[in-house]
file data-v3.cif (mmCIF, C-alpha atoms)
data_structure
#
loop_
_atom_site.group_PDB
_atom_site.id
_atom_site.type_symbol
_atom_site.label_atom_id
_atom_site.label_comp_id
_atom_site.auth_asym_id
_atom_site.auth_seq_id
_atom_site.Cartn_x
_atom_site.Cartn_y
_atom_site.Cartn_z
ATOM 1 C CA MET C 1167 46.121 -56.678 25.726
ATOM 2 C CA ARG C 1168 46.438 -55.284 22.266
ATOM 3 C CA PRO C 1169 45.879 -51.528 21.915
ATOM 4 C CA VAL C 1170 42.998 -52.057 19.472
ATOM 5 C CA LEU C 1171 41.235 -54.421 21.864
ATOM 6 C CA MET C 1172 41.771 -51.988 24.752
ATOM 7 C CA LEU C 1173 40.178 -49.132 22.771
ATOM 8 C CA ALA C 1174 37.194 -51.288 21.876
ATOM 9 C CA LEU C 1175 36.717 -52.255 25.531
ATOM 10 C CA LEU C 1176 36.864 -48.619 26.660
ATOM 11 C CA GLY C 1177 34.338 -47.693 24.014
ATOM 12 C CA TRP C 1178 31.981 -50.444 25.214
ATOM 13 C CA LEU C 1179 32.329 -49.324 28.841
ATOM 14 C CA GLY C 1180 31.589 -45.749 27.840
ATOM 15 C CA SER C 1181 28.409 -46.829 26.112
ATOM 16 C CA CYS C 1182 27.254 -48.470 29.325
ATOM 17 C CA GLN C 1183 27.385 -45.200 31.280
ATOM 18 C CA PRO C 1184 23.988 -43.571 31.995
ATOM 19 C CA GLN C 1185 23.155 -40.991 29.342
ATOM 20 C CA GLN C 1186 21.820 -37.535 30.142
ATOM 21 C CA PRO C 1187 18.365 -37.027 28.644
ATOM 22 C CA THR C 1188 18.393 -34.577 25.747
ATOM 23 C CA ALA C 1189 16.011 -31.642 25.827
ATOM 24 C CA ASN C 1190 13.210 -31.735 23.322
ATOM 25 C CA ARG C 1191 13.957 -28.761 21.118
ATOM 26 C CA PRO C 1192 11.128 -27.529 18.946
ATOM 27 C CA ALA C 1193 11.840 -27.717 15.260
ATOM 28 C CA ALA C 1194 12.381 -24.399 13.540
ATOM 29 C CA ALA C 1195 9.148 -23.164 12.005
ATOM 30 C CA LEU C 1196 9.143 -23.176 8.235
ATOM 31 C CA PRO C 1197 8.002 -20.012 6.475
ATOM 32 C CA ALA C 1198 4.420 -20.113 5.281
ATOM 33 C CA PRO C 1199 4.158 -20.915 1.573
ATOM 34 C CA PRO C 1200 2.974 -18.048 -0.631
ATOM 35 C CA LEU C 1201 -0.724 -17.934 -1.367
ATOM 36 C CA PRO C 1202 -1.682 -19.220 -4.810
ATOM 37 C CA PRO C 1203 -2.725 -16.518 -7.274
ATOM 38 C CA SER C 1204 -6.431 -15.729 -7.412
ATOM 39 C CA ARG C 1205 -8.570 -16.166 -10.519
ATOM 40 C CA TYR C 1206 -8.246 -12.431 -11.081
ATOM 41 C CA GLN C 1207 -4.448 -12.485 -10.889
ATOM 42 C CA VAL C 1208 -4.182 -15.511 -13.185
ATOM 43 C CA ALA C 1209 -6.224 -13.689 -15.833
ATOM 44 C CA LEU C 1210 -3.902 -10.670 -15.924
ATOM 45 C CA PRO C 1211 -1.469 -10.469 -18.865
ATOM 46 C CA VAL C 1212 2.192 -11.252 -18.250
ATOM 47 C CA PRO C 1213 4.143 -7.994 -17.866
ATOM 48 C CA PRO C 1214 7.567 -7.244 -19.332
ATOM 49 C CA PRO C 1215 10.591 -7.758 -17.065
ATOM 50 C CA THR C 1216 10.826 -5.277 -14.209
ATOM 51 C CA PRO C 1217 13.768 -2.920 -14.767
ATOM 52 C CA ALA C 1218 16.395 -2.431 -12.098
ATOM 53 C CA ALA C 1219 16.277 0.632 -9.889
ATOM 54 C CA LEU C 1220 17.903 3.734 -11.322
ATOM 55 C CA PRO C 1221 21.149 5.005 -9.750
ATOM 56 C CA ASP C 1222 20.808 6.788 -6.436
ATOM 57 C CA SER C 1223 21.808 10.048 -8.100
ATOM 58 C CA ALA C 1224 18.754 9.758 -10.386
ATOM 59 C CA LEU C 1225 16.462 9.737 -7.341
ATOM 60 C CA THR C 1226 18.189 12.849 -6.012
ATOM 61 C CA ARG C 1227 17.721 14.699 -9.308
ATOM 62 C CA PHE C 1228 14.105 13.551 -9.585
ATOM 63 C CA LEU C 1229 13.197 14.909 -6.148
ATOM 64 C CA GLN C 1230 14.968 18.173 -6.922
ATOM 65 C CA ARG C 1231 12.994 18.573 -10.137
ATOM 66 C CA TYR C 1232 9.527 17.378 -9.111
ATOM 67 C CA ALA C 1233 7.355 18.116 -6.070
ATOM 68 C CA VAL C 1234 6.226 14.712 -4.785
ATOM 69 C CA ALA C 1235 4.667 15.889 -1.505
ATOM 70 C CA PRO C 1236 1.526 17.525 -3.016
ATOM 71 C CA LEU C 1237 0.836 14.338 -4.971
ATOM 72 C CA LEU C 1238 0.634 12.254 -1.787
ATOM 73 C CA GLN C 1239 -1.470 14.749 0.124
ATOM 74 C CA SER C 1240 -5.177 13.895 0.292
ATOM 75 C CA VAL C 1241 -6.146 17.562 0.034
ATOM 76 C CA ARG C 1242 -5.987 18.667 -3.594
ATOM 77 C CA ASN C 1243 -6.488 22.212 -4.894
ATOM 78 C CA SER C 1244 -7.317 23.412 -1.348
ATOM 79 C CA GLN C 1245 -10.818 21.932 -1.723
ATOM 80 C CA GLU C 1246 -10.981 18.383 -3.045
ATOM 81 C CA VAL C 1247 -10.061 15.670 -0.537
ATOM 82 C CA THR C 1248 -9.306 12.146 -1.738
ATOM 83 C CA PRO C 1249 -9.004 9.717 1.204
ATOM 84 C CA TYR C 1250 -6.873 6.614 0.989
ATOM 85 C CA ASN C 1251 -9.023 3.504 1.395
ATOM 86 C CA GLY C 1252 -7.699 0.204 2.543
ATOM 87 C CA PHE C 1253 -7.977 -3.247 4.012
ATOM 88 C CA PHE C 1254 -7.208 -3.858 7.688
ATOM 89 C CA GLY C 1255 -6.603 -7.061 9.615
ATOM 90 C CA SER C 1256 -7.049 -10.650 8.515
ATOM 91 C CA ASP C 1257 -10.681 -10.013 7.538
ATOM 92 C CA ARG C 1258 -9.675 -6.995 5.393
ATOM 93 C CA HIS C 1259 -12.154 -4.599 6.991
ATOM 94 C CA ARG C 1260 -12.297 -1.162 5.417
ATOM 95 C CA ILE C 1261 -10.025 1.531 6.856
ATOM 96 C CA GLU C 1262 -9.607 5.131 5.692
ATOM 97 C CA VAL C 1263 -6.718 7.572 6.023
ATOM 98 C CA VAL C 1264 -6.427 11.187 4.918
ATOM 99 C CA LEU C 1265 -3.011 12.815 4.713
ATOM 100 C CA LEU C 1266 -3.981 16.392 5.488
ATOM 101 C CA ARG C 1267 -0.472 17.769 5.126
ATOM 102 C CA VAL C 1268 2.632 16.342 3.458
ATOM 103 C CA ARG C 1269 5.763 18.486 3.283
ATOM 104 C CA PRO C 1270 9.474 17.866 2.658
ATOM 105 C CA ASP C 1271 11.820 17.705 5.621
ATOM 106 C CA ALA C 1272 14.266 20.583 5.174
ATOM 107 C CA ALA C 1273 17.066 18.579 6.796
ATOM 108 C CA GLN C 1274 16.405 15.331 4.873
ATOM 109 C CA PRO C 1275 15.166 15.939 1.294
ATOM 110 C CA ARG C 1276 14.064 12.321 0.805
ATOM 111 C CA ARG C 1277 11.865 12.393 3.904
ATOM 112 C CA LEU C 1278 8.317 13.768 3.777
ATOM 113 C CA LEU C 1279 6.659 14.813 7.040
ATOM 114 C CA VAL C 1280 3.027 13.755 7.373
ATOM 115 C CA THR C 1281 0.029 14.758 9.484
ATOM 116 C CA GLY C 1282 -3.337 13.116 8.960
ATOM 117 C CA LYS C 1283 -6.257 11.173 10.367
ATOM 118 C CA SER C 1284 -7.449 7.582 10.269
ATOM 119 C CA ARG C 1285 -10.948 6.164 10.631
ATOM 120 C CA PHE C 1286 -11.638 2.534 11.470
ATOM 121 C CA LYS C 1287 -15.104 1.292 12.435
ATOM 122 C CA GLY C 1288 -16.146 4.867 13.212
ATOM 123 C CA GLU C 1289 -13.181 5.697 15.454
ATOM 124 C CA ILE C 1290 -11.118 8.681 14.265
ATOM 125 C CA LYS C 1291 -7.495 9.179 15.334
ATOM 126 C CA ASP C 1292 -4.856 11.792 14.525
ATOM 127 C CA LEU C 1293 -1.669 10.584 12.848
ATOM 128 C CA GLN C 1294 1.818 12.019 12.610
ATOM 129 C CA GLY C 1295 4.953 10.625 11.004
ATOM 130 C CA PHE C 1296 6.960 10.442 7.802
ATOM 131 C CA ILE C 1297 7.414 8.824 4.396
ATOM 132 C CA GLU C 1298 11.001 8.216 3.288
ATOM 133 C CA LEU C 1299 11.747 7.661 -0.400
ATOM 134 C CA THR C 1300 14.648 5.326 -1.162
ATOM 135 C CA ALA C 1301 14.504 4.174 -4.804
ATOM 136 C CA LEU C 1302 13.270 5.104 -8.281
ATOM 137 C CA GLN C 1303 12.662 2.846 -11.268
ATOM 138 C CA ARG C 1304 10.988 3.184 -14.641
ATOM 139 C CA GLN C 1305 7.669 1.559 -15.480
ATOM 140 C CA PRO C 1306 8.152 -0.197 -18.831
ATOM 141 C CA ALA C 1307 5.642 0.517 -21.588
ATOM 142 C CA LEU C 1308 2.668 -1.821 -21.976
ATOM 143 C CA ASN C 1309 3.340 -4.800 -24.213
ATOM 144 C CA LYS C 1310 0.851 -5.984 -26.853
ATOM 145 C CA ALA C 1311 -0.961 -8.355 -24.501
ATOM 146 C CA GLU C 1312 -1.348 -5.619 -21.887
ATOM 147 C CA GLN C 1313 -2.599 -3.117 -24.470
ATOM 148 C CA ALA C 1314 -5.229 -5.594 -25.663
ATOM 149 C CA TYR C 1315 -6.296 -6.248 -22.066
ATOM 150 C CA GLU C 1316 -6.719 -2.523 -21.339
ATOM 151 C CA LYS C 1317 -8.760 -2.018 -24.522
ATOM 152 C CA HIS C 1318 -11.000 -4.904 -23.497
ATOM 153 C CA LEU C 1319 -11.614 -3.303 -20.094
ATOM 154 C CA GLU C 1320 -12.472 0.018 -21.742
ATOM 155 C CA SER C 1321 -14.968 -1.664 -24.046
ATOM 156 C CA MET C 1322 -16.579 -3.521 -21.140
ATOM 157 C CA ARG C 1323 -17.102 -0.284 -19.226
ATOM 158 C CA MET C 1324 -17.987 1.691 -22.349
ATOM 159 C CA VAL C 1325 -15.297 4.208 -21.443
ATOM 160 C CA THR C 1326 -13.640 6.436 -24.016
ATOM 161 C CA VAL C 1327 -10.557 8.368 -22.934
ATOM 162 C CA VAL C 1328 -10.425 11.764 -24.633
ATOM 163 C CA ARG C 1329 -7.457 14.096 -24.204
ATOM 164 C CA LEU C 1330 -8.563 17.714 -24.174
ATOM 165 C CA PRO C 1331 -6.659 20.176 -26.376
ATOM 166 C CA GLY C 1332 -3.814 21.745 -24.453
ATOM 167 C CA ALA C 1333 -4.041 19.247 -21.581
ATOM 168 C CA ALA C 1334 -0.857 17.950 -20.007
ATOM 169 C CA LYS C 1335 0.539 14.741 -21.476
ATOM 170 C CA ALA C 1336 2.389 11.960 -19.677
ATOM 171 C CA VAL C 1337 5.945 11.604 -20.949
ATOM 172 C CA GLY C 1338 7.450 9.174 -18.430
ATOM 173 C CA HIS C 1339 6.204 6.544 -15.989
ATOM 174 C CA TYR C 1340 8.069 5.702 -12.776
ATOM 175 C CA THR C 1341 7.714 3.859 -9.486
ATOM 176 C CA LEU C 1342 9.007 5.441 -6.294
ATOM 177 C CA THR C 1343 9.553 3.125 -3.339
ATOM 178 C CA GLY C 1344 10.377 3.743 0.289
ATOM 179 C CA HIS C 1345 9.056 3.200 3.789
ATOM 180 C CA PHE C 1346 6.689 5.013 6.113
ATOM 181 C CA ASP C 1347 5.998 5.301 9.828
ATOM 182 C CA TRP C 1348 2.868 6.992 11.202
ATOM 183 C CA GLN C 1349 2.088 7.168 14.918
ATOM 184 C CA GLU C 1350 -1.297 7.732 16.512
ATOM 185 C CA VAL C 1351 -0.938 11.053 18.349
ATOM 186 C CA ALA C 1352 -3.176 10.150 21.305
ATOM 187 C CA GLY C 1353 -2.459 6.446 21.550
ATOM 188 C CA THR C 1354 0.071 3.689 21.059
ATOM 189 C CA GLY C 1355 -0.961 2.564 17.588
ATOM 190 C CA ARG C 1356 1.570 2.701 14.780
ATOM 191 C CA PHE C 1357 1.243 2.227 11.018
ATOM 192 C CA ALA C 1358 4.530 1.254 9.368
ATOM 193 C CA GLY C 1359 5.625 -0.495 6.216
ATOM 194 C CA ARG C 1360 6.551 -0.055 2.568
ATOM 195 C CA ALA C 1361 5.408 2.691 0.198
ATOM 196 C CA VAL C 1362 5.053 1.966 -3.534
ATOM 197 C CA LEU C 1363 4.100 5.000 -5.612
ATOM 198 C CA ASP C 1364 3.337 4.766 -9.337
ATOM 199 C CA ILE C 1365 3.666 8.202 -10.914
ATOM 200 C CA ALA C 1366 3.882 9.830 -14.327
ATOM 201 C CA THR C 1367 5.811 12.936 -15.328
ATOM 202 C CA THR C 1368 4.135 15.338 -17.745
ATOM 203 C CA ASP C 1369 5.285 17.613 -20.528
ATOM 204 C CA ARG C 1370 4.560 20.524 -18.185
ATOM 205 C CA GLN C 1371 6.979 19.427 -15.469
ATOM 206 C CA GLY C 1372 4.115 18.088 -13.384
ATOM 207 C CA LEU C 1373 3.299 14.750 -11.761
ATOM 208 C CA TRP C 1374 0.321 12.407 -11.864
ATOM 209 C CA SER C 1375 -0.332 9.345 -9.789
ATOM 210 C CA GLY C 1376 -1.060 6.389 -12.026
ATOM 211 C CA SER C 1377 -0.311 2.688 -12.415
ATOM 212 C CA LEU C 1378 0.303 1.421 -15.932
ATOM 213 C CA ARG C 1379 -0.459 -2.174 -14.939
ATOM 214 C CA LYS C 1380 -1.873 -4.319 -12.127
ATOM 215 C CA THR C 1381 1.003 -6.791 -12.058
ATOM 216 C CA ALA C 1382 3.951 -4.671 -10.889
ATOM 217 C CA GLY C 1383 4.733 -1.592 -8.833
ATOM 218 C CA ALA C 1384 1.618 -0.430 -6.980
ATOM 219 C CA ARG C 1385 -0.413 -3.054 -8.924
ATOM 220 C CA GLY C 1386 -3.203 -0.742 -9.998
ATOM 221 C CA ALA C 1387 -3.414 1.154 -6.694
ATOM 222 C CA ASP C 1388 -1.575 4.224 -8.084
ATOM 223 C CA LEU C 1389 -0.283 5.027 -4.576
ATOM 224 C CA LEU C 1390 0.096 2.094 -2.171
ATOM 225 C CA PHE C 1391 1.085 1.779 1.502
ATOM 226 C CA ASP C 1392 1.520 -1.824 2.640
ATOM 227 C CA GLY C 1393 2.490 -2.701 6.196
ATOM 228 C CA GLN C 1394 1.456 -3.573 9.727
ATOM 229 C CA TRP C 1395 -0.369 -1.785 12.515
ATOM 230 C CA THR C 1396 0.989 -2.434 15.993
ATOM 231 C CA ASN C 1397 -0.413 -1.390 19.347
ATOM 232 C CA GLY C 1398 2.598 -0.665 21.537
ATOM 233 C CA PRO C 1399 5.915 -2.554 21.616
ATOM 234 C CA SER C 1400 4.348 -5.834 22.745
ATOM 235 C CA GLY C 1401 0.907 -5.518 21.211
ATOM 236 C CA PRO C 1402 -0.483 -7.615 18.369
ATOM 237 C CA ALA C 1403 0.457 -6.817 14.774
ATOM 238 C CA LYS C 1404 -2.236 -6.589 12.121
ATOM 239 C CA PRO C 1405 -1.650 -6.296 8.366
ATOM 240 C CA PHE C 1406 -3.103 -3.441 6.369
ATOM 241 C CA ILE C 1407 -2.973 -2.010 2.856
ATOM 242 C CA LEU C 1408 -3.901 1.565 1.920
ATOM 243 C CA VAL C 1409 -4.434 2.619 -1.696
ATOM 244 C CA GLU C 1410 -5.423 5.711 -3.617
ATOM 245 C CA ASN C 1411 -7.279 3.817 -6.372
ATOM 246 C CA VAL C 1412 -9.280 1.184 -4.524
ATOM 247 C CA THR C 1413 -11.266 -0.014 -7.550
ATOM 248 C CA GLY C 1414 -8.034 -0.593 -9.456
ATOM 249 C CA PHE C 1415 -6.527 -2.709 -6.686
ATOM 250 C CA ALA C 1416 -9.246 -4.336 -4.568
ATOM 251 C CA GLU C 1417 -9.502 -7.561 -6.587
ATOM 252 C CA HIS C 1418 -6.002 -8.446 -5.367
ATOM 253 C CA VAL C 1419 -7.432 -8.629 -1.839
ATOM 254 C CA LEU C 1420 -11.181 -9.328 -1.991
ATOM 255 C CA GLU C 1421 -12.422 -11.654 -4.706
ATOM 256 C CA ASP C 1422 -15.304 -10.350 -6.831
ATOM 257 C CA PHE C 1423 -15.046 -6.928 -5.193
ATOM 258 C CA GLU C 1424 -16.852 -5.384 -8.167
ATOM 259 C CA VAL C 1425 -19.977 -6.997 -9.563
ATOM 260 C CA GLY C 1426 -21.167 -4.364 -12.056
ATOM 261 C CA GLU C 1427 -20.568 -5.135 -15.719
ATOM 262 C CA ARG C 1428 -20.701 -1.522 -16.914
ATOM 263 C CA ASP C 1429 -20.655 0.622 -13.777
ATOM 264 C CA ILE C 1430 -18.522 0.211 -10.666
ATOM 265 C CA VAL C 1431 -20.708 -1.624 -8.145
ATOM 266 C CA ILE C 1432 -19.141 -2.976 -4.953
ATOM 267 C CA ASN C 1433 -20.243 -6.491 -4.072
ATOM 268 C CA PRO C 1434 -22.965 -6.332 -1.362
ATOM 269 C CA LYS C 1435 -21.375 -9.245 0.487
ATOM 270 C CA TYR C 1436 -18.609 -6.872 1.605
ATOM 271 C CA ALA C 1437 -21.051 -4.501 3.310
ATOM 272 C CA ARG C 1438 -20.234 -6.226 6.603
ATOM 273 C CA LEU C 1439 -16.633 -5.082 6.120
ATOM 274 C CA GLY C 1440 -17.611 -1.424 5.834
ATOM 275 C CA TRP C 1441 -17.705 -1.105 2.049
ATOM 276 C CA ASP C 1442 -21.423 -0.276 1.832
ATOM 277 C CA SER C 1443 -20.678 3.388 2.620
ATOM 278 C CA TYR C 1444 -17.879 3.832 0.073
ATOM 279 C CA TRP C 1445 -19.883 6.173 -2.169
ATOM 280 C CA GLU C 1446 -21.141 8.374 0.666
ATOM 281 C CA ASN C 1447 -19.768 11.917 0.684
ATOM 282 C CA ASP C 1448 -18.888 11.881 4.375
ATOM 283 C CA GLU C 1449 -16.240 14.458 5.301
ATOM 284 C CA TRP C 1450 -15.385 12.710 8.551
ATOM 285 C CA TRP C 1451 -11.914 14.273 8.731
ATOM 286 C CA ALA C 1452 -13.474 17.742 9.124
ATOM 287 C CA GLU C 1453 -15.986 16.852 11.860
ATOM 288 C CA PRO C 1454 -13.810 17.768 14.881
ATOM 289 C CA MET C 1455 -13.088 21.190 13.367
ATOM 290 C CA LYS C 1456 -16.802 21.762 12.724
ATOM 291 C CA SER C 1457 -17.644 20.779 16.291
ATOM 292 C CA THR C 1458 -15.036 23.198 17.639
ATOM 293 C CA ALA C 1459 -16.388 25.997 15.459
ATOM 294 C CA ARG C 1460 -19.913 25.434 16.743
ATOM 295 C CA ALA C 1461 -18.681 25.422 20.331
ATOM 296 C CA ASN C 1462 -16.882 28.730 19.834
ATOM 297 C CA ILE C 1463 -19.958 30.301 18.287
ATOM 298 C CA THR C 1464 -22.245 29.301 21.154
ATOM 299 C CA GLU C 1465 -19.879 30.465 23.875
#
call {"tool": "encode", "arguments": {"input": "data-v3.cif", "output": "structure tokens"}}
result
Amino acid sequence: MRPVLMLALLGWLGSCQPQQPTANRPAAALPAPPLPPSRYQVALPVPPPTPAALPDSALTRFLQRYAVAPLLQSVRNSQEVTPYNGFFGSDRHRIEVVLLRVRPDAAQPRRLLVTGKSRFKGEIKDLQGFIELTALQRQPALNKAEQAYEKHLESMRMVTVVRLPGAAKAVGHYTLTGHFDWQEVAGTGRFAGRAVLDIATTDRQGLWSGSLRKTAGARGADLLFDGQWTNGPSGPAKPFILVENVTGFAEHVLEDFEVGERDIVINPKYARLGWDSYWENDEWWAEPMKSTARANITE
């Protein structure tokens, strides 16, 4: 028999052998497509190109020159407290966080140690953790389209910005980025994710928090913490976003968040998500201390 014919016969015999069934392997899941931009986002002017991050040495010099920790702390001037407000879970229910103390880590200058409290649906929990800064980039100046958009917003709200004589003046706009990790002290919950901090340097060597635009950096939030909350190593993960300037950012998350034409009025349909009490002056972060003080007095 010719070699070619022999090979063909062997191949035919092999095909007649019983085949082992192949396991049904699930197809790899494709990543979810990005959500289409909202009507609000489509209406925003196109920003200039985002500049690359500055060299690592620039971040080192910046942190040596400016005190970032007091800017992130919710307690300002030993009296005023500005809580971070945010959106928790898939339904974007309101959550609040106060960073009661933020201080540099002496051993790691780019790490800020944090103690604070969170409140979600009336439940208050102590937090402890850190914010680590990893990059610095400039915020480019507003282009003509962005300037026209900002003037239109000012005219709609009948707002006139007046700089007082002798007041500090912004001389540079930057975005600091990094990551954060905050643990619930008496529990297994953990807030972790990415920090995006829009800041301005002043002619008096000071810092402000402030977003130039709503299309880059902190996107109008001024100071933004975006991440996930997890309950233990095997617990469910829920998304959350915390911001300093909620009225400058909320439209990215909840459509028609503001319904007032002149004044800031939060849409009543979001009352079920906890936003009906936004304007209440409720110092919930101080309640445990007040309760302790009363207990000591009565003893």
call {"tool": "residues_around", "arguments": {"input": "data-v3.cif", "residues": "segment 1358-1367 of chain C", "least_positions_apart": "2", "cutoff": "6 Å", "atoms": "all atoms listed in the file", "output": "list in words"}}
result
Ala1336, Val1337, Gly1338, His1339, Tyr1340, Thr1341, Leu1342, Thr1343, Gly1344, His1345, Phe1346, Asp1347, Gly1372, Leu1373, Trp1374, Ser1375, Gly1376, Ser1377, Ala1384, Asp1388, Leu1389, Leu1390, Phe1391, Asp1392, Gly1393 and Gln1394 of chain C
call {"tool": "residues_around", "arguments": {"input": "data-v3.cif", "residues": "Tyr1206 of chain C", "least_positions_apart": "2", "cutoff": "9 Å", "atoms": "all atoms listed in the file", "output": "PyMOL selection string"}}
result
chain C and resi 1203-1204+1208-1210+1417-1418+1421-1422
call {"tool": "write_last_selection", "arguments": {"input": "data-v3.cif", "atoms": "C-alpha atoms", "output": "PDB file, in the frame of the given file"}}
result
ATOM      1  CA  PRO C1203      -2.725 -16.518  -7.274  1.00  0.00           C
ATOM      2  CA  SER C1204      -6.431 -15.729  -7.412  1.00  0.00           C
ATOM      3  CA  VAL C1208      -4.182 -15.511 -13.185  1.00  0.00           C
ATOM      4  CA  ALA C1209      -6.224 -13.689 -15.833  1.00  0.00           C
ATOM      5  CA  LEU C1210      -3.902 -10.670 -15.924  1.00  0.00           C
ATOM      6  CA  GLU C1417      -9.502  -7.561  -6.587  1.00  0.00           C
ATOM      7  CA  HIS C1418      -6.002  -8.446  -5.367  1.00  0.00           C
ATOM      8  CA  GLU C1421     -12.422 -11.654  -4.706  1.00  0.00           C
ATOM      9  CA  ASP C1422     -15.304 -10.350  -6.831  1.00  0.00           C
TER      10      ASP C1422
END
call {"tool": "atom_distance", "arguments": {"input": "data-v3.cif", "atom1": "atom CA of Ser1400 of chain C", "atom2": "atom CA of Phe1254 of chain C"}}
result
19.1 Å
call {"tool": "resolve_selection", "arguments": {"input": "data-v3.cif", "expression": "the PyMOL selection byres ((chain C and resi 1215) around 12)", "output": "number ranges by chain"}}
result
C: 1212-1214, 1216-1218, 1304-1309, 1381-1383
call {"tool": "residues_around", "arguments": {"input": "data-v3.cif", "residues": "Ile1432 of chain C", "least_positions_apart": "2", "cutoff": "12 Å", "atoms": "all atoms listed in the file", "output": "list in words"}}
result
Val1412, Thr1413, Ala1416, Glu1417, Leu1420, Glu1421, Asp1422, Phe1423, Glu1424, Val1425, Gly1426, Glu1427, Asp1429, Ile1430, Pro1434, Lys1435, Tyr1436, Ala1437, Leu1439, Gly1440, Trp1441, Asp1442, Ser1443, Tyr1444 and Trp1445 of chain C
call {"tool": "resolve_selection", "arguments": {"input": "data-v3.cif", "expression": "the PyMOL selection byres ((chain C and resi 1229-1243) around 6)", "output": "PyMOL selection string"}}
result
chain C and resi 1226-1228+1244-1249+1264-1269
call {"tool": "closest_residue", "arguments": {"input": "data-v3.cif", "among": "C:Ile1261, C:Ile1297, C:Leu1225, C:Leu1279", "to": "Val1409 of chain C", "atoms": "only C-alpha atoms"}}
result
C:Ile1261
call {"tool": "resolve_selection", "arguments": {"input": "data-v3.cif", "expression": "the PyMOL selection byres ((chain C and resi 1283-1293) around 8)", "output": "PDB file with C-alpha atoms, keeping the file's coordinate frame"}}
result
ATOM      1  CA  ARG C1260     -12.297  -1.162   5.417  1.00  0.00           C
ATOM      2  CA  ILE C1261     -10.025   1.531   6.856  1.00  0.00           C
ATOM      3  CA  GLU C1262      -9.607   5.131   5.692  1.00  0.00           C
ATOM      4  CA  VAL C1263      -6.718   7.572   6.023  1.00  0.00           C
ATOM      5  CA  VAL C1264      -6.427  11.187   4.918  1.00  0.00           C
ATOM      6  CA  LEU C1265      -3.011  12.815   4.713  1.00  0.00           C
ATOM      7  CA  LEU C1266      -3.981  16.392   5.488  1.00  0.00           C
ATOM      8  CA  VAL C1280       3.027  13.755   7.373  1.00  0.00           C
ATOM      9  CA  THR C1281       0.029  14.758   9.484  1.00  0.00           C
ATOM     10  CA  GLY C1282      -3.337  13.116   8.960  1.00  0.00           C
ATOM     11  CA  GLN C1294       1.818  12.019  12.610  1.00  0.00           C
ATOM     12  CA  GLY C1295       4.953  10.625  11.004  1.00  0.00           C
ATOM     13  CA  TRP C1348       2.868   6.992  11.202  1.00  0.00           C
ATOM     14  CA  GLN C1349       2.088   7.168  14.918  1.00  0.00           C
ATOM     15  CA  GLU C1350      -1.297   7.732  16.512  1.00  0.00           C
ATOM     16  CA  VAL C1351      -0.938  11.053  18.349  1.00  0.00           C
ATOM     17  CA  ALA C1352      -3.176  10.150  21.305  1.00  0.00           C
ATOM     18  CA  GLY C1440     -17.611  -1.424   5.834  1.00  0.00           C
ATOM     19  CA  TRP C1451     -11.914  14.273   8.731  1.00  0.00           C
TER      20      TRP C1451
END
